[in-house]
>>> print(open('entry-v2.tsv').read())   # TSV, C-alpha atoms and all ligand atoms
chain	number	residue	atom	x	y	z
A	1111	MET	CA	103.48	43.58	70.80
A	1112	TRP	CA	103.48	46.92	72.62
A	1113	SER	CA	100.07	48.42	73.27
A	1114	PHE	CA	98.60	51.21	75.35
A	1115	ARG	CA	97.13	48.52	77.58
A	1116	THR	CA	100.66	48.06	78.84
A	1117	LEU	CA	101.15	51.75	79.52
A	1118	TYR	CA	99.92	51.79	83.10
A	1119	PRO	CA	99.96	48.39	84.86
A	1120	LEU	CA	103.72	48.47	85.28
A	1121	PRO	CA	105.81	46.79	86.34
A	1122	SER	CA	104.20	43.39	86.03
A	1123	CYS	CA	103.26	41.28	89.06
A	1124	GLN	CA	105.95	38.87	87.96
A	1125	ALA	CA	108.59	41.54	88.21
A	1126	LEU	CA	107.21	42.69	91.54
A	1127	SER	CA	107.49	39.23	93.04
A	1128	ILE	CA	111.13	39.04	91.98
A	1129	LEU	CA	111.82	42.38	93.60
A	1130	GLY	CA	111.35	41.24	97.17
A	1131	ALA	CA	112.59	43.86	99.60
A	1132	MET	CA	114.39	46.10	97.10
A	1133	ASN	CA	113.28	49.73	97.22
A	1134	ILE	CA	111.81	50.93	93.98
A	1135	ILE	CA	113.07	53.96	92.11
A	1136	ASP	CA	109.91	55.06	90.39
A	1137	LEU	CA	110.65	57.13	87.30
A	1138	ARG	CA	107.37	56.42	85.50
A	1139	SER	CA	105.91	59.89	85.93
A	1140	ASP	CA	105.95	63.05	88.02
A	1141	THR	CA	102.37	62.11	88.95
A	1142	VAL	CA	103.53	59.32	91.31
A	1143	THR	CA	104.61	61.63	94.14
A	1144	LYS	CA	103.05	61.24	97.58
A	1145	PRO	CA	102.18	64.26	99.75
A	1146	SER	CA	105.02	65.18	102.13
A	1147	PRO	CA	104.32	65.34	105.92
A	1148	GLU	CA	104.11	69.15	105.66
A	1149	MET	CA	101.65	68.96	102.77
A	1150	ARG	CA	99.57	66.39	104.67
A	1151	GLN	CA	99.58	68.68	107.70
A	1152	ALA	CA	98.29	71.57	105.57
A	1153	MET	CA	95.58	69.26	104.22
A	1154	ALA	CA	94.61	67.88	107.63
A	1155	THR	CA	94.14	71.35	109.07
A	1156	ALA	CA	92.52	73.00	106.02
A	1157	GLU	CA	89.35	74.97	106.56
A	1158	VAL	CA	86.61	73.52	104.39
A	1159	GLY	CA	83.06	74.24	103.28
A	1160	ASP	CA	80.68	73.16	100.55
A	1161	ASP	CA	82.44	74.36	97.39
A	1162	VAL	CA	79.40	73.65	95.21
A	1163	LEU	CA	77.62	76.27	97.29
A	1164	GLY	CA	80.70	78.50	97.02
A	1165	ASP	CA	81.59	78.07	100.70
A	1166	ASP	CA	85.05	76.52	100.70
A	1167	PRO	CA	87.58	79.10	101.94
A	1168	THR	CA	90.62	77.00	100.97
A	1169	VAL	CA	89.45	76.56	97.38
A	1170	LYS	CA	88.73	80.30	97.20
A	1171	GLU	CA	92.21	81.04	98.50
A	1172	LEU	CA	93.80	78.65	95.99
A	1173	GLU	CA	91.86	80.13	93.07
A	1174	LYS	CA	92.77	83.67	94.10
A	1175	TYR	CA	96.41	82.78	94.70
A	1176	VAL	CA	96.89	80.99	91.36
A	1177	ALA	CA	95.05	83.70	89.38
A	1178	GLY	CA	97.43	86.22	91.00
A	1179	LEU	CA	100.48	84.11	90.23
A	1180	PHE	CA	99.59	84.16	86.52
A	1181	GLU	CA	98.20	87.73	86.56
A	1182	ARG	CA	94.79	86.55	85.35
A	1183	GLU	CA	91.34	87.76	86.27
A	1184	ALA	CA	90.16	84.41	87.58
A	1185	SER	CA	90.92	80.71	87.98
A	1186	LEU	CA	88.94	77.54	88.68
A	1187	TYR	CA	89.97	74.42	90.58
A	1188	VAL	CA	89.17	71.18	88.70
A	1189	PRO	CA	89.91	67.52	89.55
A	1190	SER	CA	92.37	66.78	86.72
A	1191	GLY	CA	94.43	68.15	83.85
A	1192	THR	CA	92.21	66.30	81.42
A	1193	MET	CA	89.14	68.02	82.79
A	1194	GLY	CA	90.97	71.37	82.73
A	1195	ASN	CA	91.75	71.01	79.04
A	1196	GLN	CA	88.41	69.57	78.01
A	1197	ILE	CA	86.34	72.13	79.94
A	1198	SER	CA	88.49	74.90	78.42
A	1199	LEU	CA	87.91	73.59	74.90
A	1200	LYS	CA	84.20	73.17	75.49
A	1201	ALA	CA	83.75	76.60	77.05
A	1202	ASN	CA	85.69	78.07	74.11
A	1203	SER	CA	83.92	76.37	71.23
A	1204	ARG	CA	80.91	75.40	69.17
A	1205	ARG	CA	80.25	71.96	67.68
A	1206	GLY	CA	81.79	71.63	64.23
A	1207	TRP	CA	84.59	74.11	64.82
A	1208	GLU	CA	88.10	72.97	64.00
A	1209	LEU	CA	90.92	72.69	66.53
A	1210	LEU	CA	94.54	72.91	65.36
A	1211	CYS	CA	97.03	71.11	67.56
A	1212	GLU	CA	100.28	69.22	67.53
A	1213	ARG	CA	100.20	65.59	66.39
A	1214	GLN	CA	101.47	64.15	69.70
A	1215	CYS	CA	99.58	66.49	72.03
A	1216	HIS	CA	97.95	65.24	75.22
A	1217	VAL	CA	94.63	66.98	74.55
A	1218	VAL	CA	93.90	64.76	71.55
A	1219	ASN	CA	95.96	61.60	72.09
A	1220	TYR	CA	95.55	60.90	75.80
A	1221	GLU	CA	92.21	62.39	76.80
A	1222	ALA	CA	89.98	59.63	75.43
A	1223	GLY	CA	88.84	61.59	72.39
A	1224	GLY	CA	87.53	64.43	74.53
A	1225	PRO	CA	87.59	67.19	71.89
A	1226	VAL	CA	85.18	65.28	69.66
A	1227	VAL	CA	83.14	63.62	72.42
A	1228	HIS	CA	82.57	66.68	74.61
A	1229	SER	CA	82.82	69.54	72.17
A	1230	GLY	CA	82.16	68.10	68.71
A	1231	LEU	CA	85.44	69.56	67.48
A	1232	LEU	CA	87.09	68.54	64.27
A	1233	VAL	CA	90.79	68.08	64.93
A	1234	ASN	CA	93.67	68.89	62.60
A	1235	LEU	CA	96.89	67.34	63.95
A	1236	LEU	CA	100.04	69.10	62.75
A	1237	THR	CA	103.38	67.30	62.72
A	1238	THR	CA	106.31	69.09	64.34
A	1239	GLU	CA	109.91	68.34	65.29
A	1240	ARG	CA	109.69	69.22	68.97
A	1241	GLY	CA	106.13	70.14	69.84
A	1242	MET	CA	106.08	73.75	68.64
A	1243	ILE	CA	103.73	74.46	65.73
A	1244	PRO	CA	105.43	77.17	63.65
A	1245	ALA	CA	103.28	80.25	63.07
A	1246	GLU	CA	103.50	79.76	59.31
A	1247	LEU	CA	102.10	76.23	59.62
A	1248	VAL	CA	99.21	77.56	61.70
A	1249	ARG	CA	98.56	80.21	59.07
A	1250	LYS	CA	98.66	77.65	56.22
A	1251	SER	CA	96.32	75.30	58.09
A	1252	ILE	CA	93.51	77.82	58.55
A	1253	ARG	CA	90.73	76.86	56.17
A	1254	PRO	CA	89.14	79.31	53.76
A	1255	ARG	CA	86.12	81.03	55.21
A	1256	ASN	CA	83.23	79.79	53.08
A	1257	VAL	CA	80.09	77.71	53.53
A	1258	HIS	CA	81.82	74.45	52.57
A	1259	CYS	CA	84.65	74.33	55.09
A	1260	PRO	CA	84.57	73.87	58.85
A	1261	GLU	CA	85.64	77.00	60.69
A	1262	THR	CA	89.19	76.81	62.05
A	1263	LYS	CA	88.73	78.53	65.40
A	1264	ILE	CA	91.05	77.18	68.11
A	1265	VAL	CA	94.78	76.53	68.39
A	1266	ALA	CA	96.09	74.52	71.35
A	1267	LEU	CA	99.75	74.16	72.35
A	1268	GLU	CA	101.40	72.14	75.13
A	1269	ASN	CA	104.33	73.50	77.19
A	1270	THR	CA	106.43	71.62	78.18
A	1271	HIS	CA	105.61	69.01	75.56
A	1272	ASN	CA	105.26	65.61	77.19
A	1273	HIS	CA	105.47	63.31	74.20
A	1274	HIS	CA	108.39	65.16	72.65
A	1275	GLY	CA	110.34	64.60	75.89
A	1276	GLY	CA	109.54	67.64	78.04
A	1277	THR	CA	110.66	70.06	75.34
A	1278	ILE	CA	110.11	73.76	75.93
A	1279	LEU	CA	108.28	75.82	73.33
A	1280	PRO	CA	110.37	78.74	72.02
A	1281	GLN	CA	108.56	81.79	73.37
A	1282	GLU	CA	109.27	83.96	70.32
A	1283	GLU	CA	107.45	81.41	68.14
A	1284	VAL	CA	104.55	81.27	70.62
A	1285	LEU	CA	104.26	85.05	70.19
A	1286	ARG	CA	104.25	84.66	66.39
A	1287	VAL	CA	101.41	82.10	66.63
A	1288	LYS	CA	99.55	84.57	68.86
A	1289	GLU	CA	99.82	87.18	66.07
A	1290	VAL	CA	98.29	84.72	63.59
A	1291	CYS	CA	95.52	83.91	66.10
A	1292	ASP	CA	94.77	87.62	66.48
A	1293	GLU	CA	94.81	88.17	62.73
A	1294	PHE	CA	92.30	85.36	62.09
A	1295	GLY	CA	90.27	85.63	65.29
A	1296	LEU	CA	91.37	82.22	66.63
A	1297	ILE	CA	91.19	81.25	70.31
A	1298	PHE	CA	94.58	80.27	71.71
A	1299	HIS	CA	94.64	77.62	74.48
A	1300	LEU	CA	97.62	76.30	76.42
A	1301	ASP	CA	97.86	72.87	78.01
A	1302	GLY	CA	100.28	74.05	80.66
A	1303	ALA	CA	100.28	70.88	82.75
A	1304	ARG	CA	104.06	71.36	83.11
A	1305	ILE	CA	104.34	75.12	82.52
A	1306	TRP	CA	106.08	75.25	85.91
A	1307	ASN	CA	108.96	73.28	84.39
A	1308	ALA	CA	109.18	75.66	81.42
A	1309	HIS	CA	109.33	78.54	83.91
A	1310	ALA	CA	112.06	76.83	85.97
A	1311	ALA	CA	114.10	75.98	82.88
A	1312	THR	CA	113.87	79.32	81.04
A	1313	GLY	CA	113.63	81.80	83.88
A	1314	LEU	CA	110.66	83.40	82.07
A	1315	SER	CA	107.92	84.30	84.53
A	1316	LEU	CA	104.62	82.39	84.61
A	1317	PRO	CA	102.65	85.44	83.34
A	1318	GLU	CA	105.19	86.00	80.55
A	1319	LEU	CA	104.96	82.38	79.38
A	1320	THR	CA	101.17	82.27	79.46
A	1321	ARG	CA	100.07	85.83	78.56
A	1322	PRO	CA	99.82	85.09	74.81
A	1323	PHE	CA	97.12	82.48	75.49
A	1324	ASP	CA	93.45	83.29	75.92
A	1325	THR	CA	92.94	80.31	78.21
A	1326	VAL	CA	95.35	78.10	80.15
A	1327	SER	CA	95.16	74.90	82.17
A	1328	VAL	CA	97.91	74.02	84.63
A	1329	CYS	CA	98.39	70.93	86.82
A	1330	LEU	CA	99.16	70.90	90.53
A	1331	SER	CA	99.56	67.12	90.57
A	1332	LYS	CA	102.67	66.75	88.37
A	1333	GLY	CA	106.00	68.45	89.11
A	1334	LEU	CA	104.52	70.39	92.03
A	1335	GLY	CA	103.66	67.19	93.89
A	1336	ALA	CA	100.04	67.81	94.95
A	1337	PRO	CA	97.91	64.66	95.12
A	1338	VAL	CA	94.99	66.01	93.08
A	1339	GLY	CA	93.95	68.95	90.98
A	1340	SER	CA	94.44	71.37	88.14
A	1341	MET	CA	93.51	74.99	87.52
A	1342	ILE	CA	91.92	76.73	84.56
A	1343	LEU	CA	92.90	80.36	84.03
A	1344	GLY	CA	91.28	83.14	82.03
A	1345	THR	CA	88.93	86.09	82.18
A	1346	GLU	CA	86.09	86.27	84.74
A	1347	LYS	CA	83.64	85.71	81.91
A	1348	PHE	CA	85.44	82.60	80.63
A	1349	ILE	CA	85.81	81.14	84.13
A	1350	THR	CA	82.07	81.64	84.73
A	1351	ARG	CA	81.42	79.51	81.63
A	1352	CYS	CA	83.93	76.92	82.86
A	1353	HIS	CA	82.15	76.80	86.23
A	1354	ARG	CA	78.98	75.66	84.50
A	1355	GLU	CA	80.89	73.15	82.36
A	1356	ARG	CA	82.60	71.75	85.47
A	1357	LYS	CA	79.16	71.03	86.93
A	1358	LEU	CA	78.12	69.36	83.67
A	1359	PHE	CA	81.29	67.22	83.69
A	1360	GLY	CA	80.47	66.11	87.27
A	1361	GLY	CA	83.58	67.88	88.53
A	1362	ALA	CA	81.96	70.10	91.16
A	1363	MET	CA	83.07	68.81	94.57
A	1364	ARG	CA	81.91	69.51	98.10
A	1365	GLN	CA	84.41	69.91	101.01
A	1366	VAL	CA	87.23	69.85	98.49
A	1367	GLY	CA	89.40	72.31	100.41
A	1368	ILE	CA	90.94	69.26	102.03
A	1369	ILE	CA	92.67	68.40	98.76
A	1370	ALA	CA	92.91	71.96	97.45
A	1371	ALA	CA	95.10	72.64	100.52
A	1372	GLY	CA	97.67	70.20	99.06
A	1373	GLY	CA	97.61	72.23	95.84
A	1374	LEU	CA	97.98	75.50	97.73
A	1375	TYR	CA	100.91	74.09	99.66
A	1376	ALA	CA	102.43	72.91	96.35
A	1377	VAL	CA	102.23	76.26	94.55
A	1378	LYS	CA	103.60	78.07	97.58
A	1379	ASN	CA	106.50	75.71	98.24
A	1380	ASN	CA	107.41	73.49	95.32
A	1381	ILE	CA	108.00	75.69	92.28
A	1382	GLY	CA	111.52	76.82	93.20
A	1383	ARG	CA	112.88	73.28	93.53
A	1384	LEU	CA	111.97	72.13	89.99
A	1385	THR	CA	115.48	72.97	88.77
A	1386	GLU	CA	116.66	70.01	90.90
A	1387	ASP	CA	114.41	67.68	88.88
A	1388	HIS	CA	115.88	69.11	85.69
A	1389	ALA	CA	119.45	68.59	86.90
A	1390	ASN	CA	118.53	65.00	87.88
A	1391	ALA	CA	116.99	64.38	84.45
A	1392	ARG	CA	120.19	65.60	82.81
A	1393	LEU	CA	122.29	63.31	85.05
A	1394	LEU	CA	120.03	60.39	84.21
A	1395	ALA	CA	120.03	61.17	80.48
A	1396	GLU	CA	123.81	61.41	80.31
A	1397	GLY	CA	124.15	58.15	82.24
A	1398	LEU	CA	121.61	56.34	80.05
A	1399	SER	CA	123.29	57.63	76.90
A	1400	ARG	CA	126.34	55.57	77.86
A	1401	PHE	CA	124.41	52.28	77.56
A	1402	ASP	CA	124.73	50.71	74.10
A	1403	LEU	CA	121.10	49.64	74.29
A	1404	PHE	CA	119.80	53.20	74.27
A	1405	ASP	CA	119.90	56.08	71.87
A	1406	ILE	CA	119.08	59.51	73.30
A	1407	ASP	CA	118.93	62.93	71.74
A	1408	LEU	CA	120.38	64.88	74.64
A	1409	THR	CA	119.31	68.20	73.11
A	1410	ARG	CA	115.72	67.19	73.79
A	1411	VAL	CA	116.33	66.81	77.52
A	1412	GLN	CA	115.22	70.29	78.53
A	1413	SER	CA	113.20	69.71	81.70
A	1414	ASN	CA	112.30	66.65	83.84
A	1415	ILE	CA	111.61	64.08	81.09
A	1416	VAL	CA	114.03	61.73	79.37
A	1417	ILE	CA	112.98	59.58	76.41
A	1418	VAL	CA	115.30	56.82	75.25
A	1419	ASN	CA	115.06	54.82	72.07
A	1420	ILE	CA	115.92	51.11	72.18
A	1421	VAL	CA	118.42	50.34	69.45
A	1422	SER	CA	118.29	46.52	69.64
A	1423	GLU	CA	115.57	44.10	68.49
A	1424	GLU	CA	114.08	44.20	71.98
A	1425	LEU	CA	110.76	45.90	72.62
A	1426	SER	CA	110.18	48.37	75.43
A	1427	ASP	CA	108.06	45.92	77.44
A	1428	SER	CA	110.87	43.39	77.73
A	1429	VAL	CA	113.47	46.06	78.53
A	1430	LEU	CA	111.14	47.40	81.24
A	1431	GLU	CA	110.73	43.90	82.68
A	1432	ARG	CA	114.50	43.64	83.01
A	1433	MET	CA	114.68	47.08	84.63
A	1434	ALA	CA	111.88	46.19	87.05
A	1435	LYS	CA	113.90	43.23	88.29
A	1436	VAL	CA	116.42	45.69	89.74
A	1437	GLY	CA	113.70	48.00	91.05
A	1438	VAL	CA	113.84	50.74	88.41
A	1439	TRP	CA	110.49	51.69	86.94
A	1440	ALA	CA	109.81	53.73	83.82
A	1441	LEU	CA	107.02	53.76	81.20
A	1442	PRO	CA	106.85	52.43	77.64
A	1443	PHE	CA	106.39	55.29	75.18
A	1444	GLY	CA	105.75	53.30	72.03
A	1445	SER	CA	107.21	49.93	71.15
A	1446	LYS	CA	110.81	51.15	71.05
A	1447	ASP	CA	110.83	54.13	73.39
A	1448	ILE	CA	110.92	54.41	77.17
A	1449	ARG	CA	110.11	57.52	79.21
A	1450	PHE	CA	111.83	58.38	82.51
A	1451	VAL	CA	110.56	61.31	84.57
A	1452	THR	CA	112.28	62.91	87.56
A	1453	HIS	CA	110.21	64.41	90.37
A	1454	LEU	CA	109.90	65.45	94.01
A	1455	ASP	CA	110.18	61.88	95.31
A	1456	VAL	CA	113.44	60.95	93.54
A	1457	SER	CA	116.71	62.49	94.66
A	1458	ARG	CA	120.00	62.86	92.84
A	1459	ALA	CA	121.27	59.85	94.84
A	1460	ASP	CA	118.26	57.82	93.59
A	1461	CYS	CA	119.12	58.70	89.99
A	1462	GLU	CA	122.74	57.69	90.53
A	1463	GLU	CA	121.55	54.46	92.16
A	1464	ALA	CA	119.17	53.79	89.24
A	1465	LEU	CA	122.06	54.11	86.79
A	1466	GLN	CA	124.21	51.73	88.86
A	1467	ARG	CA	121.40	49.16	88.99
A	1468	LEU	CA	120.78	49.43	85.25
A	1469	ASP	CA	124.50	48.96	84.67
A	1470	THR	CA	124.21	45.51	86.28
A	1471	VAL	CA	121.41	44.60	83.84
A	1472	PHE	CA	122.53	46.12	80.56
A	1473	ASN	CA	126.36	45.97	80.68
B	1	LIG	C1	100.75	67.46	79.03
B	1	LIG	C2	99.64	66.90	79.83
B	1	LIG	N1	98.45	67.49	79.81
B	1	LIG	C3	97.41	67.03	80.52
B	1	LIG	C4	97.54	65.91	81.30
B	1	LIG	C5	96.32	65.38	82.03
B	1	LIG	O1	96.45	65.41	83.39
B	1	LIG	P1	95.56	64.42	84.31
B	1	LIG	O2	96.28	63.12	84.32
B	1	LIG	O3	95.54	65.11	85.63
B	1	LIG	O4	94.22	64.32	83.71
B	1	LIG	C6	98.76	65.24	81.36
B	1	LIG	C7	98.90	64.02	82.18
B	1	LIG	O5	99.92	63.42	82.28
B	1	LIG	C8	99.84	65.75	80.59
B	1	LIG	O6	101.04	65.13	80.58
>>> encode(input="entry-v2.tsv", output="structure tokens", more="lines below")
Ligand SMILES: Cc1ncc(COP(=O)(O)O)c(C=O)c1O
Amino acid sequence: MWSFRTLYPLPSCQALSILGAMNIIDLRSDTVTKPSPEMRQAMATAEVGDDVLGDDPTVKELEKYVAGLFEREASLYVPSGTMGNQISLKANSRRGWELLCERQCHVVNYEAGGPVVHSGLLVNLLTTERGMIPAELVRKSIRPRNVHCPETKIVALENTHNHHGGTILPQEEVLRVKEVCDEFGLIFHLDGARIWNAHAATGLSLPELTRPFDTVSVCLSKGLGAPVGSMILGTEKFITRCHRERKLFGGAMRQVGIIAAGGLYAVKNNIGRLTEDHANARLLAEGLSRFDLFDIDLTRVQSNIVIVNIVSEELSDSVLERMAKVGVWALPFGSKDIRFVTHLDVSRADCEEALQRLDTVFN
């Protein structure tokens, strides 16, 4: 039986022992990348100071650089995307408020219940086709303002949408949701862990994609290849509140410039190349679609994520075991789905090689 317990310890030790000397093509996530020699050099030589005392010049530079990139007043460096989202929600809310978000979103499904635990938020999960909540659905979901109902106060979207397969939110619909938020005085938050991929795929600028949102969190440790870190973006006033929340979450760090330097290197050097990951995902998706075992909706392959559905009786765990024997790693995404993600540490040749290896297993 598939379970979330099986989500991370993959592949199994058994599969590893069979692998022997074969090099592994790791398509589990874009979070598996290792810092390049150049990134390590930037980290090794970074100027550091005590960031809790406000003394770290590299963190200051990163925060200024990223705020500028998104044309925002301020930004804050935090240890993870989860903390970025949860601090944003907490700094935006009061206990008992209601959060509207998409049924498969990361903020609710993969952040250990953070919205209720940290912020006391009531969550209304809205079902969508591809991750975008239509403006009309947002409007219909806002509760009447009276003493009986919780106050619907926050809407959160995710772009690109991980669980829907890296789908990109249609910007015109995002703008329509923004109008509803303005009409009803709702706060609009973006989980932009992979906003860089939406930018690379659409050609829309980072400020254009994120301007409709009051608050944004973005990750440096996914497609951009930094080892650690995310950024929260917003007004000076909002970021000041987040600063306090970060302390409360235990996320204030001392000579953290040493890792922030990896993030700074990543935003300066690794945005432009994301189109390569998208081309590799397309190559992989088209190749995988030729295996009888898999069903893929190729129209959903819009960035660096490919989700395949297993059409036989087999469950994802057993298919992954067979893949691991030829050194190809991916993640189970439910009992009958598997997720492949392309990234900085897999080349086009690796994707071609992965398809050849899988051909020996599945054909
Ligand atoms: C869409 C999305 N948001 C947030 C996160 C959380 O990031 P982290 O793992 O750094 O906490 C992830 C992680 O994969 C993600 O996919």
>>> closest_atom_pairs(input="entry-v2.tsv", of="chain A", to="ligand LIG 1 (chain B)", cutoff="8 Å", atoms="only C-alpha atoms and all ligand atoms", output="tab-separated table")
residue	atom	partner	partner_atom	distance
A:Ser1139	CA	B:LIG1	O5	7.9
A:Thr1141	CA	B:LIG1	O5	7.2
A:Pro1189	CA	B:LIG1	O3	7.3
A:Ser1190	CA	B:LIG1	O3	3.7
A:Gly1191	CA	B:LIG1	O1	3.4
A:Thr1192	CA	B:LIG1	O4	3.6
A:Met1193	CA	B:LIG1	O4	6.4
A:Gly1194	CA	B:LIG1	O4	7.8
A:Asn1195	CA	B:LIG1	C3	7.1
A:Cys1215	CA	B:LIG1	C1	7.2
A:His1216	CA	B:LIG1	N1	5.1
A:Val1217	CA	B:LIG1	N1	6.5
A:Tyr1220	CA	B:LIG1	C4	7.7
A:Glu1221	CA	B:LIG1	C5	7.3
A:Glu1268	CA	B:LIG1	C1	6.1
A:Asn1269	CA	B:LIG1	C1	7.3
A:Thr1270	CA	B:LIG1	C1	7.1
A:His1271	CA	B:LIG1	C1	6.2
A:Asn1272	CA	B:LIG1	C1	5.2
A:His1273	CA	B:LIG1	C1	7.9
A:Asp1301	CA	B:LIG1	N1	5.7
A:Gly1302	CA	B:LIG1	C1	6.8
A:Ala1303	CA	B:LIG1	N1	4.8
A:Arg1304	CA	B:LIG1	C1	6.5
A:Cys1329	CA	B:LIG1	O3	6.6
A:Ser1331	CA	B:LIG1	O3	6.7
A:Lys1332	CA	B:LIG1	O5	7.5
A:Val1338	CA	B:LIG1	O3	7.5
A:Gly1339	CA	B:LIG1	O3	6.8
A:Ser1340	CA	B:LIG1	O3	6.8
>>> atom_distance(input="entry-v2.tsv", atom1="atom CA of A:Arg1383", atom2="atom CA of A:Met1341")
20.4 Å
>>> residues_around(input="entry-v2.tsv", residues="A:Leu1384", least_positions_apart="4", cutoff="10 Å", atoms="all atoms listed in the file", output="list in words")
Trp1306, Asn1307, Ala1308, His1309, Ala1310, Ala1311, Gly1333, Leu1334, Asn1380, His1388, Ala1389, Asn1390, Ser1413, Asn1414, Thr1452, His1453 and Leu1454 of chain A
>>> atom_distance(input="entry-v2.tsv", atom1="atom CA of A:Ile1368", atom2="atom CA of A:Met1153")
5.1 Å
>>> atom_distance(input="entry-v2.tsv", atom1="atom CA of A:Val1366", atom2="atom CA of A:Thr1143")
19.7 Å
>>> closest_residue(input="entry-v2.tsv", among="A:Arg1150, A:Lys1446, A:Arg1467, A:Arg1321", to="A:Val1421", atoms="only C-alpha atoms")
A:Lys1446
>>> residues_around(input="entry-v2.tsv", residues="A:Phe1180", least_positions_apart="3", cutoff="6 Å", atoms="all atoms listed in the file", output="PyMOL selection string")
chain A and resi 1177+1316-1317
>>> closest_residue(input="entry-v2.tsv", among="A:Gly1295, A:Met1363, A:Gln1412, A:Ser1327", to="A:Pro1280", atoms="only C-alpha atoms")
A:Gln1412
>>> residues_around(input="entry-v2.tsv", residues="A:Lys1357", least_positions_apart="4", cutoff="12 Å", atoms="all atoms listed in the file", output="VMD selection string")
chain A and resid 1161 to 1163 1186 to 1189 1193 1197 1350 to 1353 1361 to 1364
